[in-house]
Amino acid sequence: MDFKQTQRDAEYLAYRWWQRMFLSPTELKAINSYPAPTAFKAQLRRCNNIDAAMLSEGFRDLWLSLPEGITKEAQPESIEAWAAVAAVLVFVKADSKTKLAAAAGKKGDGDKSVVSELRFAQLQNSKTPDEFLVRLRRVLQQINGQLSVQALISDIHRWFNEHYSFRSNKAANRLAVNWAMDYYQAAQ
């Protein structure tokens, strides 16, 4: 099995992990799943940084559910990315088809976007994983935690891949550029 397929499988498992925290017992029963302990969500919400998230039971539950191809020989940046996924997903209240940047760029009250250009630019320009985590959580709170869970998981991994990558990506392929396009299209 190739790495991209393993990554997609892992992202789907993270989506199922999120469902265990937010769907009702009836909805979970319909998909043959069970609720996660409420402590997972509470602990992850209180984590102020990636290291704290890595030490939480909720992250451990997510990590142990991932395919061996992800966990067996994981690099530190991969573990950080999955810890960020866990620490961020507890702020997503409802799954929708809307991607993060589009949800942030939508018009709120009046003529302005839900998330200001400045705040969104700060998210795009995050320099460290901890800074990215804090800024991403703020944006999620502003959009009331309603966006595509699977797209968010993928975006978090793209950010970490770009952050730790030493080769330059074409501008059109970079996450910040894609986010900017989605943000400004939604703002129109």
# chains A, B, ... in the order shown; residues from 1 in each chain; ligands from 1
>>> select_by_dssp(residues="chain A", states="helix (DSSP H, G or I)", output="PyMOL selection string")
chain A and resi 3-22+25-30+38-46+50-54+57-65+68-71+76-89+100-105+117-124+129-142+149-164+171-173+175-187
>>> closest_atom_pairs(of="stretch 68-170 of chain A", to="stretch 44-63 of chain A", cutoff="7 Å", atoms="only C-alpha atoms", output="tab-separated table")
residue	atom	partner	partner_atom	distance
A:Glu80	CA	A:Ile50	CA	6.4
A:Ala83	CA	A:Met54	CA	5.4
A:Ala84	CA	A:Ile50	CA	6.1
A:Ala86	CA	A:Phe59	CA	5.8
A:Ala87	CA	A:Leu44	CA	5.3
A:Val90	CA	A:Arg45	CA	6.5
A:Asp130	CA	A:Asn49	CA	5.2
>>> write_last_selection(atoms="N, CA and C atoms", output="mmCIF file, in the first residue's frame")
data_model
loop_
_atom_site.group_PDB
_atom_site.id
_atom_site.type_symbol
_atom_site.label_atom_id
_atom_site.label_comp_id
_atom_site.auth_asym_id
_atom_site.auth_seq_id
_atom_site.Cartn_x
_atom_site.Cartn_y
_atom_site.Cartn_z
ATOM 1 N N GLU A 80 3.555 15.450 15.654
ATOM 2 C CA GLU A 80 3.063 16.802 15.939
ATOM 3 C C GLU A 80 1.814 17.110 15.126
ATOM 4 N N ALA A 83 -1.089 15.328 16.606
ATOM 5 C CA ALA A 83 -1.469 15.963 17.872
ATOM 6 C C ALA A 83 -2.248 17.249 17.601
ATOM 7 N N ALA A 84 -1.822 18.000 16.587
ATOM 8 C CA ALA A 84 -2.553 19.216 16.203
ATOM 9 C C ALA A 84 -3.951 18.858 15.714
ATOM 10 N N ALA A 86 -5.790 16.351 16.653
ATOM 11 C CA ALA A 86 -6.594 16.040 17.845
ATOM 12 C C ALA A 86 -6.970 17.304 18.605
ATOM 13 N N ALA A 87 -6.001 18.210 18.793
ATOM 14 C CA ALA A 87 -6.248 19.424 19.574
ATOM 15 C C ALA A 87 -7.166 20.410 18.857
ATOM 16 N N VAL A 90 -11.393 19.058 18.403
ATOM 17 C CA VAL A 90 -12.328 19.219 19.530
ATOM 18 C C VAL A 90 -13.025 20.577 19.495
ATOM 19 N N ASP A 130 2.953 25.523 17.459
ATOM 20 C CA ASP A 130 2.129 26.015 18.572
ATOM 21 C C ASP A 130 1.365 27.279 18.183
#
>>> closest_residue(among="A:Phe22, A:Phe91, A:Phe160, A:Tyr184", to="A:Gln142", atoms="only C-alpha atoms")
A:Phe91
>>> closest_residue(among="A:Asp95, A:Glu73, A:Glu131, A:Asp2", to="A:Gln146", atoms="only C-alpha atoms")
A:Asp95
>>> select_by_dssp(residues="chain A", states="strand (DSSP E)", output="ChimeraX atom specification")
/A:94-95,146-147
>>> residues_around(residues="stretch 35-37 of chain A", least_positions_apart="4", cutoff="9 Å", atoms="only C-alpha atoms", output="list in words")
Trp17, Trp18, Gln19, Arg20, Met21, Phe22, Leu23, Ser24, Pro25, Leu28, Lys41 and Gly58 of chain A
>>> closest_residue(among="A:Asp182, A:Leu140, A:Ala176, A:Lys72", to="A:Lys106", atoms="only C-alpha atoms")
A:Asp182
>>> residues_around(residues="A:Ala121", least_positions_apart="6", cutoff="10 Å", atoms="only C-alpha atoms", output="PDB file with C-alpha atoms, in the first residue's frame")
ATOM      1  CA  VAL A 115     -12.896  36.272  10.293  1.00  0.00           C
ATOM      2  CA  ALA A 176      -1.646  29.664   2.127  1.00  0.00           C
ATOM      3  CA  TRP A 179      -6.666  29.405   1.561  1.00  0.00           C
ATOM      4  CA  ALA A 180      -6.400  32.979   0.278  1.00  0.00           C
TER       5      ALA A 180
END
>>> atom_distance(atom1="atom CA of A:Ala172", atom2="atom CA of A:Arg119")
21.8 Å
>>> closest_residue(among="A:Pro76, A:Leu133, A:Ala151, A:Gly69", to="A:Asp9", atoms="only C-alpha atoms")
A:Gly69
>>> atom_distance(atom1="atom CA of A:Gln150", atom2="atom CA of A:Glu11")
6.9 Å
>>> closest_residue(among="A:Gln188, A:Thr98, A:Thr71, A:Thr128", to="A:Asp111", atoms="only C-alpha atoms")
A:Gln188
>>> closest_residue(among="A:Ala186, A:Ile143, A:Val88, A:Ala94", to="A:Lys107", atoms="only C-alpha atoms")
A:Ala186
>>> atom_distance(atom1="atom CA of A:Val149", atom2="atom CA of A:Ser96")
7.4 Å
>>> decode(residues="stretch 18-50 of chain A", atoms="N, CA, C and O atoms", output="PDB file, in the first residue's frame")
ATOM      1  N   TRP A  18     -13.328  11.836  15.449  1.00  0.00           N
ATOM      2  CA  TRP A  18     -14.082  13.067  15.728  1.00  0.00           C
ATOM      3  C   TRP A  18     -15.571  12.748  15.922  1.00  0.00           C
ATOM      4  O   TRP A  18     -16.202  13.278  16.832  1.00  0.00           O
ATOM      5  N   GLN A  19     -16.112  11.897  15.066  1.00  0.00           N
ATOM      6  CA  GLN A  19     -17.528  11.531  15.181  1.00  0.00           C
ATOM      7  C   GLN A  19     -17.839  10.942  16.558  1.00  0.00           C
ATOM      8  O   GLN A  19     -18.885  11.238  17.130  1.00  0.00           O
ATOM      9  N   ARG A  20     -16.925  10.149  17.093  1.00  0.00           N
ATOM     10  CA  ARG A  20     -17.138   9.537  18.399  1.00  0.00           C
ATOM     11  C   ARG A  20     -17.280  10.574  19.504  1.00  0.00           C
ATOM     12  O   ARG A  20     -17.894  10.325  20.530  1.00  0.00           O
ATOM     13  N   MET A  21     -16.712  11.749  19.290  1.00  0.00           N
ATOM     14  CA  MET A  21     -16.797  12.792  20.314  1.00  0.00           C
ATOM     15  C   MET A  21     -18.020  13.687  20.156  1.00  0.00           C
ATOM     16  O   MET A  21     -18.456  14.284  21.127  1.00  0.00           O
ATOM     17  N   PHE A  22     -18.537  13.814  18.949  1.00  0.00           N
ATOM     18  CA  PHE A  22     -19.574  14.813  18.718  1.00  0.00           C
ATOM     19  C   PHE A  22     -20.932  14.270  18.291  1.00  0.00           C
ATOM     20  O   PHE A  22     -21.930  14.975  18.451  1.00  0.00           O
ATOM     21  N   LEU A  23     -20.995  13.081  17.737  1.00  0.00           N
ATOM     22  CA  LEU A  23     -22.294  12.564  17.316  1.00  0.00           C
ATOM     23  C   LEU A  23     -23.043  11.985  18.517  1.00  0.00           C
ATOM     24  O   LEU A  23     -22.437  11.539  19.490  1.00  0.00           O
ATOM     25  N   SER A  24     -24.341  11.975  18.401  1.00  0.00           N
ATOM     26  CA  SER A  24     -25.175  11.422  19.476  1.00  0.00           C
ATOM     27  C   SER A  24     -25.031   9.900  19.486  1.00  0.00           C
ATOM     28  O   SER A  24     -24.653   9.291  18.474  1.00  0.00           O
ATOM     29  N   PRO A  25     -25.369   9.252  20.616  1.00  0.00           N
ATOM     30  CA  PRO A  25     -25.298   7.785  20.667  1.00  0.00           C
ATOM     31  C   PRO A  25     -26.133   7.113  19.567  1.00  0.00           C
ATOM     32  O   PRO A  25     -25.723   6.095  19.018  1.00  0.00           O
ATOM     33  N   THR A  26     -27.268   7.697  19.225  1.00  0.00           N
ATOM     34  CA  THR A  26     -28.113   7.137  18.168  1.00  0.00           C
ATOM     35  C   THR A  26     -27.406   7.212  16.823  1.00  0.00           C
ATOM     36  O   THR A  26     -27.409   6.236  16.059  1.00  0.00           O
ATOM     37  N   GLU A  27     -26.799   8.364  16.524  1.00  0.00           N
ATOM     38  CA  GLU A  27     -26.069   8.516  15.266  1.00  0.00           C
ATOM     39  C   GLU A  27     -24.870   7.583  15.216  1.00  0.00           C
ATOM     40  O   GLU A  27     -24.562   7.002  14.169  1.00  0.00           O
ATOM     41  N   LEU A  28     -24.196   7.421  16.339  1.00  0.00           N
ATOM     42  CA  LEU A  28     -23.043   6.526  16.388  1.00  0.00           C
ATOM     43  C   LEU A  28     -23.450   5.071  16.204  1.00  0.00           C
ATOM     44  O   LEU A  28     -22.761   4.307  15.534  1.00  0.00           O
ATOM     45  N   LYS A  29     -24.581   4.696  16.787  1.00  0.00           N
ATOM     46  CA  LYS A  29     -25.059   3.321  16.640  1.00  0.00           C
ATOM     47  C   LYS A  29     -25.351   3.016  15.176  1.00  0.00           C
ATOM     48  O   LYS A  29     -25.062   1.925  14.702  1.00  0.00           O
ATOM     49  N   ALA A  30     -25.874   4.002  14.450  1.00  0.00           N
ATOM     50  CA  ALA A  30     -26.189   3.823  13.034  1.00  0.00           C
ATOM     51  C   ALA A  30     -24.943   3.557  12.192  1.00  0.00           C
ATOM     52  O   ALA A  30     -25.024   2.935  11.133  1.00  0.00           O
ATOM     53  N   ILE A  31     -23.782   4.026  12.652  1.00  0.00           N
ATOM     54  CA  ILE A  31     -22.540   3.800  11.908  1.00  0.00           C
ATOM     55  C   ILE A  31     -21.644   2.771  12.619  1.00  0.00           C
ATOM     56  O   ILE A  31     -20.448   2.701  12.354  1.00  0.00           O
ATOM     57  N   ASN A  32     -22.245   2.001  13.516  1.00  0.00           N
ATOM     58  CA  ASN A  32     -21.531   0.953  14.255  1.00  0.00           C
ATOM     59  C   ASN A  32     -20.327   1.484  15.022  1.00  0.00           C
ATOM     60  O   ASN A  32     -19.228   0.939  14.947  1.00  0.00           O
ATOM     61  N   SER A  33     -20.547   2.557  15.741  1.00  0.00           N
ATOM     62  CA  SER A  33     -19.486   3.128  16.551  1.00  0.00           C
ATOM     63  C   SER A  33     -20.006   3.388  17.955  1.00  0.00           C
ATOM     64  O   SER A  33     -21.163   3.110  18.250  1.00  0.00           O
ATOM     65  N   TYR A  34     -19.161   3.906  18.793  1.00  0.00           N
ATOM     66  CA  TYR A  34     -19.515   4.150  20.189  1.00  0.00           C
ATOM     67  C   TYR A  34     -18.929   5.490  20.624  1.00  0.00           C
ATOM     68  O   TYR A  34     -17.943   5.953  20.057  1.00  0.00           O
ATOM     69  N   PRO A  35     -19.526   6.128  21.624  1.00  0.00           N
ATOM     70  CA  PRO A  35     -19.027   7.446  22.046  1.00  0.00           C
ATOM     71  C   PRO A  35     -17.666   7.352  22.744  1.00  0.00           C
ATOM     72  O   PRO A  35     -17.375   6.388  23.443  1.00  0.00           O
ATOM     73  N   ALA A  36     -16.884   8.384  22.540  1.00  0.00           N
ATOM     74  CA  ALA A  36     -15.602   8.505  23.234  1.00  0.00           C
ATOM     75  C   ALA A  36     -15.864   9.050  24.632  1.00  0.00           C
ATOM     76  O   ALA A  36     -16.855   9.741  24.858  1.00  0.00           O
ATOM     77  N   PRO A  37     -14.993   8.762  25.568  1.00  0.00           N
ATOM     78  CA  PRO A  37     -15.149   9.364  26.898  1.00  0.00           C
ATOM     79  C   PRO A  37     -15.125  10.892  26.800  1.00  0.00           C
ATOM     80  O   PRO A  37     -14.338  11.459  26.040  1.00  0.00           O
ATOM     81  N   THR A  38     -15.967  11.549  27.553  1.00  0.00           N
ATOM     82  CA  THR A  38     -16.039  13.008  27.505  1.00  0.00           C
ATOM     83  C   THR A  38     -14.732  13.649  27.978  1.00  0.00           C
ATOM     84  O   THR A  38     -14.442  14.790  27.618  1.00  0.00           O
ATOM     85  N   ALA A  39     -13.948  12.921  28.748  1.00  0.00           N
ATOM     86  CA  ALA A  39     -12.665  13.452  29.228  1.00  0.00           C
ATOM     87  C   ALA A  39     -11.712  13.756  28.072  1.00  0.00           C
ATOM     88  O   ALA A  39     -10.905  14.681  28.162  1.00  0.00           O
ATOM     89  N   PHE A  40     -11.798  12.992  26.977  1.00  0.00           N
ATOM     90  CA  PHE A  40     -10.910  13.231  25.837  1.00  0.00           C
ATOM     91  C   PHE A  40     -11.065  14.664  25.340  1.00  0.00           C
ATOM     92  O   PHE A  40     -10.093  15.381  25.156  1.00  0.00           O
ATOM     93  N   LYS A  41     -12.295  15.050  25.103  1.00  0.00           N
ATOM     94  CA  LYS A  41     -12.569  16.388  24.572  1.00  0.00           C
ATOM     95  C   LYS A  41     -12.151  17.458  25.578  1.00  0.00           C
ATOM     96  O   LYS A  41     -11.515  18.439  25.218  1.00  0.00           O
ATOM     97  N   ALA A  42     -12.482  17.248  26.832  1.00  0.00           N
ATOM     98  CA  ALA A  42     -12.159  18.237  27.871  1.00  0.00           C
ATOM     99  C   ALA A  42     -10.646  18.427  27.998  1.00  0.00           C
ATOM    100  O   ALA A  42     -10.156  19.556  28.075  1.00  0.00           O
ATOM    101  N   GLN A  43      -9.904  17.330  28.026  1.00  0.00           N
ATOM    102  CA  GLN A  43      -8.446  17.430  28.151  1.00  0.00           C
ATOM    103  C   GLN A  43      -7.826  18.137  26.948  1.00  0.00           C
ATOM    104  O   GLN A  43      -6.964  19.002  27.105  1.00  0.00           O
ATOM    105  N   LEU A  44      -8.266  17.764  25.752  1.00  0.00           N
ATOM    106  CA  LEU A  44      -7.687  18.352  24.547  1.00  0.00           C
ATOM    107  C   LEU A  44      -8.021  19.836  24.418  1.00  0.00           C
ATOM    108  O   LEU A  44      -7.207  20.620  23.944  1.00  0.00           O
ATOM    109  N   ARG A  45      -9.195  20.237  24.874  1.00  0.00           N
ATOM    110  CA  ARG A  45      -9.560  21.660  24.820  1.00  0.00           C
ATOM    111  C   ARG A  45      -8.643  22.499  25.712  1.00  0.00           C
ATOM    112  O   ARG A  45      -8.390  23.666  25.424  1.00  0.00           O
ATOM    113  N   ARG A  46      -8.151  21.911  26.796  1.00  0.00           N
ATOM    114  CA  ARG A  46      -7.297  22.648  27.730  1.00  0.00           C
ATOM    115  C   ARG A  46      -5.820  22.650  27.323  1.00  0.00           C
ATOM    116  O   ARG A  46      -5.022  23.363  27.926  1.00  0.00           O
ATOM    117  N   CYS A  47      -5.459  21.898  26.319  1.00  0.00           N
ATOM    118  CA  CYS A  47      -4.058  21.854  25.881  1.00  0.00           C
ATOM    119  C   CYS A  47      -3.681  23.172  25.215  1.00  0.00           C
ATOM    120  O   CYS A  47      -4.332  23.601  24.270  1.00  0.00           O
ATOM    121  N   ASN A  48      -2.628  23.796  25.725  1.00  0.00           N
ATOM    122  CA  ASN A  48      -2.195  25.091  25.197  1.00  0.00           C
ATOM    123  C   ASN A  48      -1.163  24.967  24.086  1.00  0.00           C
ATOM    124  O   ASN A  48      -0.834  25.955  23.444  1.00  0.00           O
ATOM    125  N   ASN A  49      -0.620  23.767  23.904  1.00  0.00           N
ATOM    126  CA  ASN A  49       0.396  23.598  22.875  1.00  0.00           C
ATOM    127  C   ASN A  49       0.410  22.148  22.389  1.00  0.00           C
ATOM    128  O   ASN A  49      -0.287  21.295  22.934  1.00  0.00           O
ATOM    129  N   ILE A  50       1.208  21.903  21.379  1.00  0.00           N
ATOM    130  CA  ILE A  50       1.284  20.575  20.757  1.00  0.00           C
ATOM    131  C   ILE A  50       1.788  19.529  21.750  1.00  0.00           C
ATOM    132  O   ILE A  50       1.262  18.421  21.807  1.00  0.00           O
TER     133      ILE A  50
END
